[in-house]
$ cat input_36.cif   # mmCIF, C-alpha atoms
data_structure
loop_
_atom_site.label_atom_id
_atom_site.label_comp_id
_atom_site.auth_asym_id
_atom_site.auth_seq_id
_atom_site.Cartn_x
_atom_site.Cartn_y
_atom_site.Cartn_z
CA MET A 1 -2.18 55.18 -55.15
CA ASN A 2 -3.57 58.66 -55.86
CA LEU A 3 -7.06 58.71 -54.33
CA TYR A 4 -7.55 62.47 -54.44
CA PHE A 5 -10.63 63.01 -56.60
CA ASP A 6 -11.36 66.61 -55.65
CA ASN A 7 -9.38 68.36 -58.37
CA CYS A 8 -12.27 70.73 -59.11
CA ALA A 9 -11.77 72.24 -55.66
CA THR A 10 -8.04 72.49 -56.22
CA SER A 11 -5.72 70.25 -58.16
CA PHE A 12 -3.29 67.88 -56.50
CA PRO A 13 -0.59 66.89 -57.07
CA LYS A 14 1.09 69.68 -58.99
CA PRO A 15 4.05 69.28 -61.33
CA ALA A 16 7.21 69.22 -59.17
CA ALA A 17 8.45 72.29 -61.03
CA VAL A 18 5.70 74.41 -59.45
CA ALA A 19 7.03 74.21 -55.90
CA GLU A 20 10.61 74.40 -57.13
CA ALA A 21 9.92 77.66 -58.96
CA MET A 22 8.13 79.18 -55.99
CA VAL A 23 10.86 78.19 -53.53
CA ARG A 24 13.49 79.52 -55.91
CA HIS A 25 11.71 82.86 -56.08
CA LEU A 26 11.29 83.05 -52.32
CA ASN A 27 14.78 81.84 -51.38
CA GLU A 28 17.03 82.79 -54.26
CA THR A 29 15.85 85.14 -56.98
CA GLY A 30 13.23 87.37 -55.30
CA GLY A 31 12.13 90.57 -56.97
CA THR A 32 8.83 92.29 -57.64
CA TYR A 33 7.18 93.34 -60.90
CA GLY A 34 8.47 96.26 -62.91
CA ARG A 35 8.91 98.91 -60.26
CA SER A 36 12.58 99.48 -61.06
CA ALA A 37 15.22 98.17 -63.45
CA TYR A 38 17.86 96.26 -61.50
CA PRO A 39 18.45 92.66 -62.59
CA ARG A 40 16.46 91.02 -59.80
CA ILE A 41 13.29 92.90 -60.78
CA LEU A 42 13.98 92.53 -64.47
CA GLN A 43 14.23 88.75 -64.15
CA SER A 44 11.01 88.54 -62.19
CA THR A 45 9.21 90.90 -64.56
CA ARG A 46 10.28 88.91 -67.61
CA LEU A 47 8.84 85.80 -66.02
CA VAL A 48 5.48 87.47 -65.29
CA GLU A 49 5.22 88.48 -68.93
CA GLU A 50 6.26 85.00 -70.05
CA CYS A 51 3.42 83.65 -67.93
CA ARG A 52 0.99 86.07 -69.56
CA ASP A 53 2.17 84.91 -73.00
CA GLN A 54 1.73 81.26 -72.06
CA LEU A 55 -1.76 81.90 -70.74
CA ALA A 56 -2.69 83.63 -73.99
CA ALA A 57 -1.49 80.64 -75.98
CA LYS A 58 -3.41 78.28 -73.72
CA MET A 59 -6.68 80.17 -74.20
CA GLY A 60 -6.21 80.81 -77.92
CA SER A 61 -5.68 84.56 -77.79
CA THR A 62 -3.16 86.66 -79.69
CA GLU A 63 -3.52 89.52 -77.21
CA ALA A 64 -1.54 88.53 -74.14
CA GLY A 65 -1.42 92.16 -73.03
CA LYS A 66 -5.13 91.99 -72.33
CA ILE A 67 -4.69 89.26 -69.74
CA ILE A 68 -5.07 90.64 -66.24
CA LEU A 69 -3.51 88.67 -63.40
CA THR A 70 -5.67 88.43 -60.30
CA ALA A 71 -5.81 86.41 -57.11
CA ASN A 72 -8.38 83.96 -58.46
CA ALA A 73 -11.29 83.56 -60.86
CA THR A 74 -13.75 85.07 -58.39
CA THR A 75 -11.79 88.31 -58.30
CA ALA A 76 -11.66 88.31 -62.10
CA LEU A 77 -15.40 87.71 -62.38
CA ASN A 78 -16.17 90.48 -59.90
CA LEU A 79 -13.86 92.81 -61.79
CA MET A 80 -15.62 92.16 -65.08
CA ILE A 81 -19.25 91.78 -63.92
CA GLN A 82 -19.17 94.78 -61.61
CA GLY A 83 -17.01 96.74 -64.02
CA ILE A 84 -19.29 96.17 -67.01
CA CYS A 85 -22.64 96.53 -65.27
CA GLN A 86 -22.14 99.82 -63.44
CA LYS A 87 -24.54 101.66 -65.73
CA GLY A 88 -27.22 99.01 -65.39
CA GLY A 89 -29.09 96.82 -67.83
CA HIS A 90 -30.24 93.25 -68.38
CA VAL A 91 -27.93 90.26 -67.97
CA LEU A 92 -28.45 86.68 -69.09
CA THR A 93 -26.75 83.76 -67.45
CA SER A 94 -27.10 79.98 -67.39
CA ALA A 95 -28.83 77.55 -65.09
CA MET A 96 -25.48 75.97 -64.22
CA GLU A 97 -23.76 78.92 -62.60
CA HIS A 98 -21.43 78.90 -59.66
CA ASN A 99 -21.98 81.61 -57.05
CA ALA A 100 -18.89 83.35 -58.44
CA ILE A 101 -21.21 84.64 -61.15
CA ALA A 102 -24.60 84.41 -59.42
CA ARG A 103 -23.67 86.40 -56.32
CA PRO A 104 -22.14 89.42 -58.08
CA LEU A 105 -25.20 89.50 -60.34
CA GLU A 106 -27.57 89.30 -57.40
CA HIS A 107 -25.59 91.98 -55.56
CA LEU A 108 -25.99 94.32 -58.52
CA ARG A 109 -29.69 93.45 -58.76
CA GLN A 110 -30.22 94.30 -55.11
CA LEU A 111 -28.49 97.62 -55.69
CA GLY A 112 -31.12 98.27 -58.33
CA LEU A 113 -28.58 98.33 -61.15
CA ILE A 114 -29.44 95.25 -63.19
CA GLU A 115 -32.00 92.57 -63.87
CA TRP A 116 -30.73 89.05 -64.53
CA GLU A 117 -32.41 85.90 -65.74
CA LEU A 118 -31.57 82.41 -66.84
CA LEU A 119 -31.23 81.12 -70.37
CA GLU A 120 -33.21 78.01 -71.20
CA SER A 121 -31.26 74.79 -70.82
CA ALA A 122 -31.47 71.07 -71.53
CA PRO A 123 -31.77 68.71 -68.55
CA ASP A 124 -27.97 68.45 -68.27
CA GLY A 125 -27.69 72.24 -68.23
CA ARG A 126 -26.56 72.78 -71.79
CA ILE A 127 -27.89 76.09 -73.05
CA LEU A 128 -30.52 75.74 -75.78
CA VAL A 129 -28.88 77.98 -78.34
CA ASP A 130 -31.94 78.25 -80.55
CA LYS A 131 -33.92 79.69 -77.60
CA ILE A 132 -31.43 82.44 -76.80
CA ALA A 133 -32.88 85.03 -79.18
CA SER A 134 -36.22 85.02 -77.35
CA LYS A 135 -34.46 86.09 -74.15
CA LEU A 136 -32.56 89.02 -75.58
CA ARG A 137 -33.82 92.51 -74.76
CA HIS A 138 -32.97 95.93 -76.11
CA ASN A 139 -31.03 96.59 -72.90
CA THR A 140 -29.22 93.25 -72.58
CA ILE A 141 -25.66 94.29 -71.77
CA LEU A 142 -24.00 90.97 -71.02
CA VAL A 143 -24.31 87.20 -71.30
CA ALA A 144 -22.27 85.55 -68.53
CA ILE A 145 -21.86 81.78 -68.42
CA CYS A 146 -19.58 79.15 -66.98
CA HIS A 147 -17.86 77.12 -69.67
CA MET A 148 -17.81 73.88 -67.71
CA SER A 149 -20.14 73.11 -64.84
CA ASN A 150 -18.39 72.32 -61.59
CA VAL A 151 -21.29 69.99 -60.70
CA ASN A 152 -21.70 67.65 -63.65
CA GLY A 153 -18.79 68.60 -65.93
CA MET A 154 -21.01 69.57 -68.86
CA ALA A 155 -19.21 71.98 -71.19
CA GLN A 156 -21.15 74.67 -73.04
CA SER A 157 -20.42 75.75 -76.62
CA PRO A 158 -19.30 79.38 -76.27
CA GLY A 159 -18.79 79.82 -80.01
CA GLU A 160 -22.40 78.89 -80.80
CA ILE A 161 -23.66 81.08 -77.97
CA LYS A 162 -21.65 84.05 -79.22
CA LYS A 163 -23.12 83.63 -82.70
CA ALA A 164 -26.60 83.70 -81.19
CA ILE A 165 -26.06 86.89 -79.18
CA GLY A 166 -24.21 88.86 -81.86
CA GLU A 167 -22.61 92.02 -80.56
CA ILE A 168 -23.74 91.56 -76.97
CA PRO A 169 -20.60 90.83 -74.94
CA LEU A 170 -20.01 87.23 -73.88
CA LEU A 171 -18.28 86.57 -70.57
CA VAL A 172 -17.09 83.01 -69.97
CA ASP A 173 -15.99 81.56 -66.64
CA ALA A 174 -13.34 79.00 -67.60
CA SER A 175 -12.42 78.09 -64.02
CA GLN A 176 -12.94 74.37 -64.56
CA SER A 177 -12.06 74.12 -68.22
CA LEU A 178 -8.87 76.07 -68.96
CA GLY A 179 -6.12 73.48 -68.86
CA SER A 180 -8.22 70.36 -69.28
CA HIS A 181 -10.57 71.27 -72.12
CA PRO A 182 -10.14 73.32 -75.31
CA VAL A 183 -10.67 77.06 -74.84
CA MET A 184 -10.42 79.24 -77.95
CA VAL A 185 -11.04 82.84 -77.03
CA ASP A 186 -10.41 84.35 -80.47
CA GLU A 187 -12.00 81.63 -82.56
CA TRP A 188 -15.14 81.53 -80.43
CA GLY A 189 -15.44 85.30 -80.15
CA ILE A 190 -15.27 85.38 -76.37
CA ASP A 191 -15.13 88.97 -75.16
CA PHE A 192 -14.31 88.38 -71.51
CA LEU A 193 -12.85 85.28 -69.86
CA ALA A 194 -12.12 84.43 -66.23
CA PHE A 195 -9.75 81.65 -65.18
CA THR A 196 -8.03 80.28 -62.14
CA GLY A 197 -4.50 78.98 -61.89
CA HIS A 198 -4.92 76.30 -59.27
CA LYS A 199 -7.42 73.92 -60.86
CA SER A 200 -6.96 72.45 -64.33
CA LEU A 201 -3.86 74.56 -64.99
CA LEU A 202 -2.18 72.78 -62.03
CA GLY A 203 -0.69 75.98 -60.59
CA PRO A 204 -0.78 77.27 -57.02
CA THR A 205 -3.73 78.86 -55.24
CA GLY A 206 -3.78 82.64 -55.26
CA THR A 207 -3.36 82.83 -59.04
CA GLY A 208 -5.88 83.49 -61.78
CA GLY A 209 -7.00 86.22 -64.06
CA ALA A 210 -9.16 87.73 -66.73
CA PHE A 211 -8.97 88.22 -70.46
CA ILE A 212 -10.55 91.58 -71.27
CA ARG A 213 -10.96 92.20 -74.99
CA TYR A 214 -12.57 95.60 -74.50
CA PRO A 215 -10.87 97.33 -71.55
CA GLU A 216 -12.82 100.52 -72.15
CA MET A 217 -16.04 98.70 -71.24
CA VAL A 218 -14.80 97.78 -67.76
CA GLU A 219 -14.37 100.03 -64.75
CA PRO A 220 -11.53 98.93 -62.45
CA LEU A 221 -12.39 97.01 -59.31
CA LEU A 222 -9.22 98.02 -57.48
CA TYR A 223 -7.49 101.38 -57.42
CA GLY A 224 -3.87 101.93 -56.46
CA GLY A 225 -0.26 101.87 -57.56
CA THR A 226 0.64 100.36 -60.92
CA GLY A 227 4.18 101.63 -61.52
CA SER A 228 2.86 103.69 -64.44
CA GLY A 229 1.35 107.15 -64.82
CA SER A 230 2.25 107.79 -61.21
CA ASP A 231 1.74 111.55 -61.40
CA SER A 232 -2.00 111.02 -61.72
CA PHE A 233 -4.62 110.03 -59.15
CA LEU A 234 -6.47 108.25 -61.95
CA MET A 235 -5.89 104.65 -62.98
CA PRO A 236 -4.10 104.27 -66.33
CA SER A 237 -6.35 103.80 -69.35
CA PHE A 238 -4.19 101.02 -70.81
CA VAL A 239 -4.00 97.34 -69.99
CA PRO A 240 -2.90 95.41 -68.06
CA ASP A 241 -2.09 98.32 -65.75
CA ARG A 242 -5.67 99.61 -65.64
CA PHE A 243 -6.77 96.53 -63.71
CA GLU A 244 -3.61 95.51 -61.84
CA ALA A 245 -3.30 97.85 -58.87
CA GLY A 246 -0.93 96.63 -56.19
CA THR A 247 1.87 94.09 -56.18
CA PRO A 248 0.75 90.87 -57.84
CA ASN A 249 1.32 87.40 -56.42
CA ILE A 250 4.79 87.16 -57.92
CA THR A 251 5.68 83.93 -56.15
CA GLY A 252 2.41 82.35 -57.23
CA ILE A 253 2.94 83.51 -60.80
CA HIS A 254 6.35 81.81 -60.78
CA GLY A 255 4.51 78.63 -59.80
CA LEU A 256 1.81 79.08 -62.42
CA ASN A 257 4.39 79.72 -65.11
CA ALA A 258 6.18 76.53 -64.14
CA ALA A 259 2.89 74.62 -64.27
CA LEU A 260 2.21 75.90 -67.77
CA LYS A 261 5.68 74.87 -68.93
CA ASN A 262 5.60 71.45 -67.30
CA ARG A 263 2.16 70.11 -68.08
CA PRO A 264 2.18 66.35 -67.49
CA VAL A 265 1.07 63.90 -70.12
CA ALA A 266 -2.29 62.48 -69.00
CA GLN A 267 -1.82 59.03 -67.55
CA HIS A 268 -5.31 57.91 -68.47
CA SER A 269 -7.11 58.24 -71.77
CA ARG A 270 -10.44 59.74 -72.68
CA ASP A 271 -11.65 56.17 -73.27
CA ASP A 272 -10.61 55.22 -69.73
CA PHE A 273 -12.76 58.06 -68.40
CA ALA A 274 -15.69 57.05 -70.62
CA ALA A 275 -15.40 53.50 -69.33
CA LEU A 276 -15.48 54.78 -65.74
CA LEU A 277 -18.65 56.73 -66.39
CA GLN A 278 -20.29 53.76 -68.09
CA GLU A 279 -19.43 51.54 -65.16
CA VAL A 280 -20.89 53.99 -62.64
CA LYS A 281 -24.05 54.40 -64.71
CA ARG A 282 -24.66 50.64 -64.50
CA ASN A 283 -25.37 50.93 -60.77
CA SER A 284 -29.11 51.49 -60.48
CA ASN A 285 -28.81 52.92 -56.96
CA PHE A 286 -27.10 56.02 -58.32
CA LYS A 287 -28.20 58.85 -60.53
CA VAL A 288 -25.10 60.08 -62.35
CA ARG A 289 -24.82 63.80 -63.04
CA CYS A 290 -22.89 64.24 -66.27
CA ALA A 291 -23.24 65.67 -69.77
CA ALA A 292 -25.82 64.00 -71.99
CA ASP A 293 -23.27 63.98 -74.80
CA PHE A 294 -19.82 62.66 -73.83
CA GLY A 295 -18.31 65.08 -76.33
CA HIS A 296 -19.32 67.84 -73.90
CA GLN A 297 -18.05 66.05 -70.82
CA GLY A 298 -15.27 67.53 -68.72
CA LYS A 299 -13.26 65.50 -66.24
CA LEU A 300 -15.74 65.50 -63.38
CA PHE A 301 -19.10 64.03 -62.54
CA SER A 302 -21.37 63.67 -59.53
CA VAL A 303 -23.58 60.96 -58.11
CA VAL A 304 -26.79 60.99 -56.10
CA HIS A 305 -27.66 57.83 -54.17
CA ASN A 306 -31.24 56.73 -53.75
CA SER A 307 -30.95 56.55 -49.94
CA LEU A 308 -27.55 57.84 -48.76
CA SER A 309 -27.01 61.59 -48.47
CA SER A 310 -24.11 63.24 -50.26
CA SER A 311 -22.25 63.73 -46.98
CA GLU A 312 -22.78 60.09 -46.01
CA LEU A 313 -21.42 59.08 -49.40
CA ALA A 314 -18.33 61.25 -49.08
CA LEU A 315 -17.64 59.95 -45.58
CA ARG A 316 -17.93 56.33 -46.68
CA PHE A 317 -15.78 56.87 -49.73
CA TYR A 318 -13.07 58.26 -47.51
CA GLU A 319 -13.35 55.93 -44.52
CA GLU A 320 -13.80 52.71 -46.50
CA PHE A 321 -11.70 53.45 -49.59
CA GLY A 322 -9.50 56.46 -48.79
CA ILE A 323 -11.12 58.38 -51.65
CA GLU A 324 -11.33 62.16 -51.25
CA SER A 325 -14.47 63.55 -52.91
CA ARG A 326 -16.64 66.64 -52.48
CA ALA A 327 -20.16 66.53 -51.06
CA GLY A 328 -22.80 69.26 -50.98
CA LEU A 329 -23.84 72.11 -53.23
CA HIS A 330 -20.37 72.96 -54.58
CA CYS A 331 -21.18 76.70 -54.32
CA ALA A 332 -23.55 76.16 -57.25
CA PRO A 333 -27.14 76.21 -55.95
CA LEU A 334 -28.46 77.25 -59.36
CA ALA A 335 -26.98 74.15 -60.95
CA HIS A 336 -28.33 71.86 -58.26
CA ARG A 337 -31.80 73.37 -58.61
CA HIS A 338 -31.65 72.72 -62.32
CA LEU A 339 -30.39 69.16 -61.88
CA GLY A 340 -32.92 68.39 -59.12
CA SER A 341 -30.42 67.94 -56.30
CA PHE A 342 -31.11 71.11 -54.30
CA PRO A 343 -30.71 71.54 -51.33
CA THR A 344 -29.12 68.20 -50.50
CA GLY A 345 -26.46 68.35 -53.19
CA ASP A 346 -24.50 65.40 -54.48
CA CYS A 347 -21.09 63.76 -54.26
CA ARG A 348 -18.57 64.86 -56.87
CA PHE A 349 -15.47 63.19 -58.26
CA SER A 350 -12.98 65.19 -60.32
CA LEU A 351 -9.99 63.75 -62.10
CA SER A 352 -6.38 64.77 -62.51
CA PRO A 353 -4.06 64.06 -65.44
CA TYR A 354 -1.99 62.12 -62.91
CA HIS A 355 -4.72 59.52 -62.34
CA THR A 356 -3.90 56.15 -63.87
CA PRO A 357 -6.41 53.70 -65.40
CA GLU A 358 -5.90 51.52 -62.32
CA GLU A 359 -6.94 54.38 -60.07
CA LEU A 360 -10.06 55.00 -62.17
CA ASN A 361 -10.88 51.30 -61.88
CA TYR A 362 -10.44 51.54 -58.12
CA LEU A 363 -12.85 54.49 -58.04
CA ALA A 364 -15.39 52.57 -60.12
CA LYS A 365 -15.22 49.61 -57.77
CA ALA A 366 -15.55 51.87 -54.71
CA ILE A 367 -18.63 53.53 -56.17
CA HIS A 368 -20.07 50.14 -56.97
CA ASP A 369 -19.44 48.82 -53.45
CA VAL A 370 -20.75 51.90 -51.64
CA GLY A 371 -23.81 51.88 -53.85
CA LYS A 372 -24.87 48.33 -53.06
CA MET B 373 26.70 107.74 -72.65
CA SER B 374 27.60 109.15 -76.02
CA GLU B 375 25.58 111.78 -77.81
CA ASN B 376 24.08 109.33 -80.29
CA ARG B 377 22.32 107.32 -77.60
CA GLU B 378 18.66 107.55 -76.74
CA ILE B 379 16.25 106.24 -74.20
CA VAL B 380 12.95 104.80 -75.35
CA LEU B 381 9.99 105.11 -73.02
CA PHE B 382 7.01 102.79 -73.24
CA GLN B 383 3.46 102.97 -72.01
CA ASN B 384 3.87 100.14 -69.56
CA ILE B 385 6.17 97.46 -68.25
CA ARG B 386 4.89 94.68 -70.46
CA GLN B 387 5.83 96.71 -73.52
CA VAL B 388 9.35 97.26 -72.18
CA ILE B 389 9.79 93.53 -71.70
CA LYS B 390 8.40 92.69 -75.13
CA ALA B 391 10.61 95.32 -76.76
CA GLU B 392 13.68 94.11 -74.87
CA GLN B 393 12.92 90.56 -75.99
CA TRP B 394 12.63 91.72 -79.59
CA CYS B 395 15.99 93.47 -79.34
CA MET B 396 17.63 90.35 -77.92
CA ASP B 397 16.04 88.18 -80.61
CA ASN B 398 17.40 90.54 -83.27
CA SER B 399 20.83 91.00 -81.65
CA PHE B 400 20.37 94.72 -81.00
CA PRO B 401 22.34 95.75 -77.92
CA VAL B 402 19.95 97.38 -75.51
CA LYS B 403 20.04 98.18 -71.83
CA VAL B 404 17.12 98.22 -69.43
CA ILE B 405 17.46 101.20 -67.09
CA PRO B 406 15.25 102.99 -64.58
CA VAL B 407 13.20 105.74 -66.18
CA PRO B 408 15.24 108.95 -65.78
CA LYS B 409 14.02 111.39 -63.21
CA PRO B 410 12.41 113.95 -65.55
CA TYR B 411 10.24 111.20 -67.04
CA SER B 412 9.67 109.10 -63.96
CA THR B 413 5.89 109.33 -64.10
CA GLU B 414 6.07 106.57 -66.69
CA CYS B 415 6.78 102.95 -65.83
CA GLY B 416 9.77 102.05 -63.72
CA MET B 417 11.97 100.87 -66.58
CA CYS B 418 12.84 101.90 -70.10
CA LEU B 419 15.34 100.96 -72.79
CA GLU B 420 18.57 102.73 -73.64
CA THR B 421 20.30 102.13 -76.94
CA THR B 422 21.93 103.79 -79.94
CA LYS B 423 19.97 106.13 -82.16
CA ASP B 424 20.14 103.64 -85.04
CA ASN B 425 18.79 100.85 -82.90
CA ALA B 426 16.15 103.16 -81.51
CA ASP B 427 14.97 103.74 -85.09
CA LYS B 428 14.49 100.01 -85.59
CA LEU B 429 12.97 99.63 -82.17
CA GLU B 430 10.48 102.37 -82.87
CA GLU B 431 9.49 100.65 -86.10
CA PHE B 432 8.86 97.40 -84.23
CA ALA B 433 6.93 99.25 -81.54
CA MET B 434 4.66 100.94 -84.07
CA GLU B 435 3.97 97.66 -85.84
CA SER B 436 3.10 96.14 -82.47
CA GLY B 437 0.75 98.95 -81.51
CA MET B 438 3.01 100.27 -78.77
CA ILE B 439 3.22 103.94 -77.91
CA THR B 440 6.80 105.08 -77.40
CA GLN B 441 8.69 108.25 -76.67
CA ARG B 442 12.33 108.73 -77.65
CA ILE B 443 14.63 111.05 -75.76
CA PRO B 444 18.30 111.73 -76.55
CA THR B 445 20.39 111.06 -73.50
CA THR B 446 21.84 114.55 -73.86
CA ASN B 447 18.47 115.96 -72.86
CA TYR B 448 18.61 115.03 -69.20
CA THR B 449 20.99 114.89 -66.29
CA ASN B 450 19.92 112.79 -63.38
CA GLY B 451 22.72 110.45 -62.59
CA HIS B 452 21.96 108.01 -65.36
CA LYS B 453 23.84 110.01 -67.90
#
$ encode --input "input_36.cif" --output "structure tokens"
Amino acid sequence: MNLYFDNCATSFPKPAAVAEAMVRHLNETGGTYGRSAYPRILQSTRLVEECRDQLAAKMGSTEAGKIILTANATTALNLMIQGICQKGGHVLTSAMEHNAIARPLEHLRQLGLIEWELLESAPDGRILVDKIASKLRHNTILVAICHMSNVNGMAQSPGEIKKAIGEIPLLVDASQSLGSHPVMVDEWGIDFLAFTGHKSLLGPTGTGGAFIRYPEMVEPLLYGGTGSGSDSFLMPSFVPDRFEAGTPNITGIHGLNAALKNRPVAQHSRDDFAALLQEVKRNSNFKVRCAADFGHQGKLFSVVHNSLSSSELALRFYEEFGIESRAGLHCAPLAHRHLGSFPTGDCRFSLSPYHTPEELNYLAKAIHDVGK
Amino acid sequence: MSENREIVLFQNIRQVIKAEQWCMDNSFPVKVIPVPKPYSTECGMCLETTKDNADKLEEFAMESGMITQRIPTTNYTNGHK
């Protein structure tokens, strides 16, 4: 029985093809990215570009060349936030942010470069789109939001938000959503997107990236060798090279590419998940943190018990039921403040496509029993 | 290499790979080679093909927004020739 319910931290298990591809690269094929033209490098380079193409398809973009491969979503967010905000200005973000957005913003505020403030939100964290206009200033340079909260699974509506902010760039952190929830970069008008490979995409850790629609708006975060324009001390002006200094995680990209090509069919249905949430909500000893509208619900939720702490809950779930969950603030103090669970946090459960209906039933029963 | 062959340089590696893929899809013989020494400030690989194929390749590259540079193989001597 798969009792790992911490897939928002990192997904497990992965498709078998992920490890196979990584071992094959390490033990058999080898090769770096693009620095020469012998077959070993050529094979590896083709695969990196195939991965970029697959990522573009997954996020609904026709511009795969604007996908920058990084070590994780945090690196991608720092690249874009710090790279866009160097000249200063006003930034809007949401009440549901992870520290991957909040900390770079606060760092820039402390340097005296920017001011940042929160958009108004509904109790579940969903941005009130009709209130956005009142927050915009003449010097608002960026709106940066997470697509799906890593605390309650509520998914924002980036397309509606983009319509409300017009030409102001929209940056979306799709760390939790890309792979498990629709993401449509072109259709929604997303200007900048960060993603990770090891969560909903089911790839290995150490992979992730950014989609940068307007490269000229972003200063590089890293400077170094790119295998292009090598006679100059300046970074290339073109993408992806402009933002990809240094050898990328080629082995990890082999794994991510395999994950993209071997996505498993979900073993439980959306109705199974809805039934789980309904069952948990019936227990009056718990407050359930989830989206108010199930149509905006991603595959995670949290619970707060009326007497047990989040750490006590997680310990009991593991010791009594073997269930692995995540207690605490989930690196998202803003979200917990908004939801009323700061500083104690809550206990989070996040699903995998490999979970069966029987395993969801087991989780529901465990929550019921612990909550008595 | 014969005198009617050319190398095609691209702005970056991704463009080389996409162009090579296009050539394979359209059955144009093309060879990926290291960028010749006089032009080695560009990316580490480029394409070598016939002049006729280079014409078609250039057309594809322009339609795809790629920036290319064509050089007859007679124009350099660096061991690749």
$ interface_residues --input "input_36.cif" --of "chain A" --to "chain B" --cutoff "9 Å" --atoms "all atoms listed in the file" --output "VMD selection string"
chain A and resid 33 to 39 42 45 to 46 48 to 49 65 226 to 232 238 to 241
$ residues_around --input "input_36.cif" --residues "Ala73 (chain A)" --least-positions-apart "3" --cutoff "9 Å" --atoms "all atoms listed in the file" --output "number ranges by chain"
A: 70, 76-78, 100, 173-175, 194-197, 207-210
$ resolve_selection --input "input_36.cif" --expression "the PyMOL selection byres ((chain B and resi 380) around 7)" --output "ChimeraX atom specification"
/B:378-379,381-382,418-420,440-443
$ residues_around --input "input_36.cif" --residues "Ser269 (chain A)" --least-positions-apart "5" --cutoff "10 Å" --atoms "only C-alpha atoms" --output "PyMOL selection string"
chain A and resi 274-275+353+355-357
$ atom_distance --input "input_36.cif" --atom1 "CA of Gly112 (chain A)" --atom2 "CA of Ala332 (chain A)"
23.4 Å
$ closest_residue --input "input_36.cif" --among "B:Pro401, B:Asn447, B:Ile439, B:Tyr411" --to "Asn425 (chain B)" --atoms "only C-alpha atoms"
B:Pro401
$ atom_distance --input "input_36.cif" --atom1 "CA of Pro158 (chain A)" --atom2 "CA of Glu115 (chain A)"
22.1 Å
$ residues_around --input "input_36.cif" --residues "region 85-93 of chain A" --least-positions-apart "6" --cutoff "12 Å" --atoms "all atoms listed in the file" --output "mmCIF file with C-alpha atoms, in the coordinates of the input"
data_model
loop_
_atom_site.group_PDB
_atom_site.id
_atom_site.type_symbol
_atom_site.label_atom_id
_atom_site.label_comp_id
_atom_site.auth_asym_id
_atom_site.auth_seq_id
_atom_site.Cartn_x
_atom_site.Cartn_y
_atom_site.Cartn_z
ATOM 1 C CA LEU A 77 -15.400 87.710 -62.380
ATOM 2 C CA ASN A 78 -16.170 90.480 -59.900
ATOM 3 C CA LEU A 79 -13.860 92.810 -61.790
ATOM 4 C CA ASN A 99 -21.980 81.610 -57.050
ATOM 5 C CA ALA A 100 -18.890 83.350 -58.440
ATOM 6 C CA ILE A 101 -21.210 84.640 -61.150
ATOM 7 C CA ALA A 102 -24.600 84.410 -59.420
ATOM 8 C CA ARG A 103 -23.670 86.400 -56.320
ATOM 9 C CA PRO A 104 -22.140 89.420 -58.080
ATOM 10 C CA LEU A 105 -25.200 89.500 -60.340
ATOM 11 C CA GLU A 106 -27.570 89.300 -57.400
ATOM 12 C CA HIS A 107 -25.590 91.980 -55.560
ATOM 13 C CA LEU A 108 -25.990 94.320 -58.520
ATOM 14 C CA ARG A 109 -29.690 93.450 -58.760
ATOM 15 C CA GLN A 110 -30.220 94.300 -55.110
ATOM 16 C CA LEU A 111 -28.490 97.620 -55.690
ATOM 17 C CA GLY A 112 -31.120 98.270 -58.330
ATOM 18 C CA LEU A 113 -28.580 98.330 -61.150
ATOM 19 C CA ILE A 114 -29.440 95.250 -63.190
ATOM 20 C CA GLU A 115 -32.000 92.570 -63.870
ATOM 21 C CA TRP A 116 -30.730 89.050 -64.530
ATOM 22 C CA GLU A 117 -32.410 85.900 -65.740
ATOM 23 C CA LEU A 118 -31.570 82.410 -66.840
ATOM 24 C CA LEU A 119 -31.230 81.120 -70.370
ATOM 25 C CA GLU A 120 -33.210 78.010 -71.200
ATOM 26 C CA SER A 121 -31.260 74.790 -70.820
ATOM 27 C CA GLY A 125 -27.690 72.240 -68.230
ATOM 28 C CA ARG A 126 -26.560 72.780 -71.790
ATOM 29 C CA ILE A 127 -27.890 76.090 -73.050
ATOM 30 C CA ILE A 132 -31.430 82.440 -76.800
ATOM 31 C CA ALA A 133 -32.880 85.030 -79.180
ATOM 32 C CA SER A 134 -36.220 85.020 -77.350
ATOM 33 C CA LYS A 135 -34.460 86.090 -74.150
ATOM 34 C CA LEU A 136 -32.560 89.020 -75.580
ATOM 35 C CA ARG A 137 -33.820 92.510 -74.760
ATOM 36 C CA HIS A 138 -32.970 95.930 -76.110
ATOM 37 C CA ASN A 139 -31.030 96.590 -72.900
ATOM 38 C CA THR A 140 -29.220 93.250 -72.580
ATOM 39 C CA ILE A 141 -25.660 94.290 -71.770
ATOM 40 C CA LEU A 142 -24.000 90.970 -71.020
ATOM 41 C CA VAL A 143 -24.310 87.200 -71.300
ATOM 42 C CA ALA A 144 -22.270 85.550 -68.530
ATOM 43 C CA ILE A 145 -21.860 81.780 -68.420
ATOM 44 C CA CYS A 146 -19.580 79.150 -66.980
ATOM 45 C CA HIS A 147 -17.860 77.120 -69.670
ATOM 46 C CA ILE A 161 -23.660 81.080 -77.970
ATOM 47 C CA ILE A 165 -26.060 86.890 -79.180
ATOM 48 C CA ILE A 168 -23.740 91.560 -76.970
ATOM 49 C CA PRO A 169 -20.600 90.830 -74.940
ATOM 50 C CA LEU A 170 -20.010 87.230 -73.880
ATOM 51 C CA LEU A 171 -18.280 86.570 -70.570
ATOM 52 C CA VAL A 172 -17.090 83.010 -69.970
ATOM 53 C CA ASP A 173 -15.990 81.560 -66.640
ATOM 54 C CA MET A 217 -16.040 98.700 -71.240
ATOM 55 C CA VAL A 218 -14.800 97.780 -67.760
ATOM 56 C CA GLU A 219 -14.370 100.030 -64.750
ATOM 57 C CA PRO A 220 -11.530 98.930 -62.450
ATOM 58 C CA LEU A 221 -12.390 97.010 -59.310
ATOM 59 C CA LEU A 334 -28.460 77.250 -59.360
ATOM 60 C CA ALA A 335 -26.980 74.150 -60.950
#
